[in-house]
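For reference, the structure is listed below as structure tokens.
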Protein chains: 2
Amino acid sequence: MKIVYSEDHRLHFPQGELFGGEFVTPFERPSRVEYILRELKRRKMTELMPPAKLDMKPVRKVHDKGFLEFLETAWAEWTAAGYRGEIVPTGFAARGMGPNKPRFIDGKVGYYCHSMETCITAGTRDAALASASVAQTAQKLVASGARSAFALCRPPGHHAHHDMYGGYCFLNNAALAAQELRDRGFARVAMLDVDYHHGNGTQEIFYARDDVLFVSIHGTPDTEYPYFLGYADERGIDAGEGFTRNFPLVAGTGWDDYRVALAAALEEIGRYGADALVVSLGVDTFEGDPISAFKLGSRHFPQIGAMIAGLRLPTVLVLEGGYAVEEIGENVVGVLTAF
Amino acid sequence: MKIVYSEDHRLHFPQGELFGGEFVTPFERPSRVEYILRELKRRKMTELMPPAKLDMKPVRKVHDKGFLEFLETAWAEWTAAGYRGEIVPTGFAARGMGPNKPRFIDGKVGYYCHSMETCITAGTRDAALASASVAQTAQKLVASGARSAFALCRPPGHHAHHDMYGGYCFLNNAALAAQELRDRGFARVAMLDVDYHHGNGTQEIFYARDDVLFVSIHGTPDTEYPYFLGYADERGIDAGEGFTRNFPLVAGTGWDDYRVALAAALEEIGRYGADALVVSLGVDTFEGDPISAFKLGSRHFPQIGAMIAGLRLPTVLVLEGGYAVEEIGENVVGVLTAF
């Protein structure tokens with residue numbers, strides 16, 4: 001299997017994540033990737049490929065211009081304002097607020113952010129661009145005929161909306177891959193999000209489109225992050241009606257129920273007649289995950305991989321979450337081995 | 001002048017406020033009130049009156065039922081979830097999110113909060129209720145014939161929407177006073193908000209109503225908190241169209257320009273034909289305020305008081321912001337002396 005990787009993910013390593021009213025060491029941390037690399041080495045899957053230089057044109061198709069400019073200048077504006085911590089908003093564009101975009105950085109952050117746990121640092125933008133380039137290169141390999149490719153990237157992407165960051169995500173790597181597959185001639189692209197947390201960003205980006213099917217299996221937002229999207233009655237709008245499909249599962253779900261939901265999700269993709277697949281690969285469905293509540297064992301991840309591979313579609317797998325750091329390698333590579 | 005005060009404000013004293021990506025000691029702190037009490041004593045204005053027991057009926061007219069229940073149970077649910085810090089949300093109901101209210105406390109906080117700087121603690125609810133009772137009692141004094149009364153209350157209220165807290169505010173004390181004046185037979189109530197920060201909560205509560213005029217002079221939200229409301233083109237909707245009037249002023253505004261805006265604001269109130277007035281009295285327009293940027297001197301606050309008193313209306317003054325703690329007494333009492 002082709003694996004694309006860039007060391008530049010290390011440029012994004014906030015010192016703090018807001019959790020339960022305290023700053024803790026972020027669950028989404030560089031060592032996650034180190035453990036995956038270690039497992040790949042152990043299994044002699046050592047042919048890593050660096051990403052090509054990022055082509056911004058497709059990035060601009062899935063993200064807002066003002067948002068991209070914000071990511072570019074946020075750190076400089078924040079430090080120029082005299083703030084000493086990592087970037088966290090104060091006031092934000094909550095329910096009932098007006099549509100104006102403030103000019104001052106603290107207000108801009110509130111405008112472009114949807115979740116507080118995610119700090120922006122000096123290196124965040126470069127890491128996010130590198131992460132996107134990894135997904136882009138993996139996509140190119142598949143578009144050029146490879147059966148599958150894995151984008152070993154961080155920061156992750158599926159919580160990034162077209163103009164909002166949050167949930168550890170800045171640029172939506174998986175959405176970028178799907179958009180580019182469309183641009184390269186694949187007529188119907190399916191996206192399968194198996195991260196524990198709903199891929200609200202991906203859903204939002206393609207919500208009104210029928211050329212990209214978005215299917216997600218995740219902890220119910222009624223009790224799990226991101227709380228405000230991922231309910232079963234969200235099915236798309238306008239041309240996109242029927243092309244979003246959510247499978248929210250209760251906290252505590254184990255393999256038996258998960259397998260049924262995954263089979264139903266794969267059936268949706270089959271029915272859609274997809275000619276390419278992008279997988280948002282989170283392994284925080286693992287029973288030992290510190291911020292999630294499904295009960296999958298490491299032995300189930302090869303089965304997940306086999307079920308997805310059974311679609312026999314050209315497939316780009318893009319790394320998302322998974323915070324049980326010591327087991328993340330076994331769980332991620334467990335999925336990959338099916339391809 | 002009648003002054004209503006409750007010591008229960010001390011029950012709300014978070015240890016942290018998010019500012020520039022760090023937890024700092026909150027600018028909105030109990031000592032603000034101590035300095036006002038000291039100045040009142042110095043001027044022999046020592047007839048403080050305790051509030052009567054809070055009548056919740058009018059509170060329920062300005063606040064949402066679910067929001068009031070949330071304030072009641074938030075701390076117990078937060079600590080039961082195992083969180084160890086003061087209450088701060090993670091994900092929130094940002095632009096483009098769905099309408100669902102999550103069941104889990106972390107999601108609920110994101111639903112009911114609009115600003116991150118404001119922590120909820122064990123004593124916050126009781127302090128907020130006490131603060132509302134102070135405003136309610138001050139209002140009753142005026143409704144019963146007193147020319148004016150001052151509600152020496154905290155936490156403040158004008159950033160509290162009908163179903164959102166933030167900006168140090170939980171229950172909207174000034175809105176409560178205005179609502180009760182209406183209920184007691186005053187036909188047209190005017191609200192004048194002279195806090196440095198736009199009274200977004202008050203505006204939102206009365207935005208579609210023509211029986212309460214809301215007029216605010218404040219730092220432009222383009223660069224100042226709360227960023228997403230307080231623009232000049234916000235004039236009310238439906239029956240309320242024309243009954244909201246904002247005077248956003250640029251950072252650095254001094255007395256000459258401020259006086260012109262205040263005169264125009266008072267003219268609006270005169271034109272409206274108000275028969276009672278509620279003043280959201282913030283003195284963070286002071287040049288020494290640590291989080292604001294107008295340039296008023298202490299000598300200007302008696303002039304502000306005199307200009308407002310010139311309306312010759314039954315007037316309830318309700319304490320809002322002001323964070324230059326050592327000067328807050330002189331500045332607040334400077335306004336009061338005109339009444």
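Each chain of the structure tokens is named A, B, ... in the order shown, its residues numbered from 1; ligands are numbered from 1 in display order.
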
* Asked: Once you count only C-alpha atoms, which residues of chain B turn out to be within 8 Å of chain A? Could you give them as a ChimeraX atom specification?
  -> /B:18-22,83-104,107,113-117,166-167,204,221-229

* Identify, on the basis of only C-alpha atoms, every residue whose closest approach to Ala274 in chain A does not exceed 10 Å; exclude the query and any residue fewer than 5 positions from it along the same chain; express the result as a PyMOL selection string. => chain A and resi 186-191+211-213+268-269+311+313-314

* To do: as a ChimeraX atom specification, list the residues of range 81-226 of chain B assigned to strand (DSSP E) by DSSP on the backbone atoms of this structure.
  => /B:148-152,189-193,212-219

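Take CA of Ala122 in chain A and CA of Val109 in chain B: the distance between them is 29.0 Å.
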
* Please run DSSP on the backbone and report, as an MDAnalysis selection string, all residues within range 109-311 of chain A that come out as helix (DSSP H, G or I). => chainID A and resid 109:112 124:143 173:183 200:206 238:240 255:272 298:309

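Going from CA of Leu171 in chain B over to CA of Pro26 in chain B, you cover 18.3 Å.
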
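The nearest approach to Val325 in chain A among the residues A:Ala135, A:Ala306, A:Phe286, A:Arg42, with only C-alpha atoms taken into account, belongs to A:Phe286.
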
* **Selection: 9 Å around His300 in chain B, only C-alpha atoms, excl. self and same-chain fewer than 6 positions, as a PyMOL selection string** => chain B and resi 255+286+331+334-335

* Asked: So how many Å separate CA of Gly329 in chain B and CA of Arg38 in chain B, to one decimal?
  -> 7.2 Å
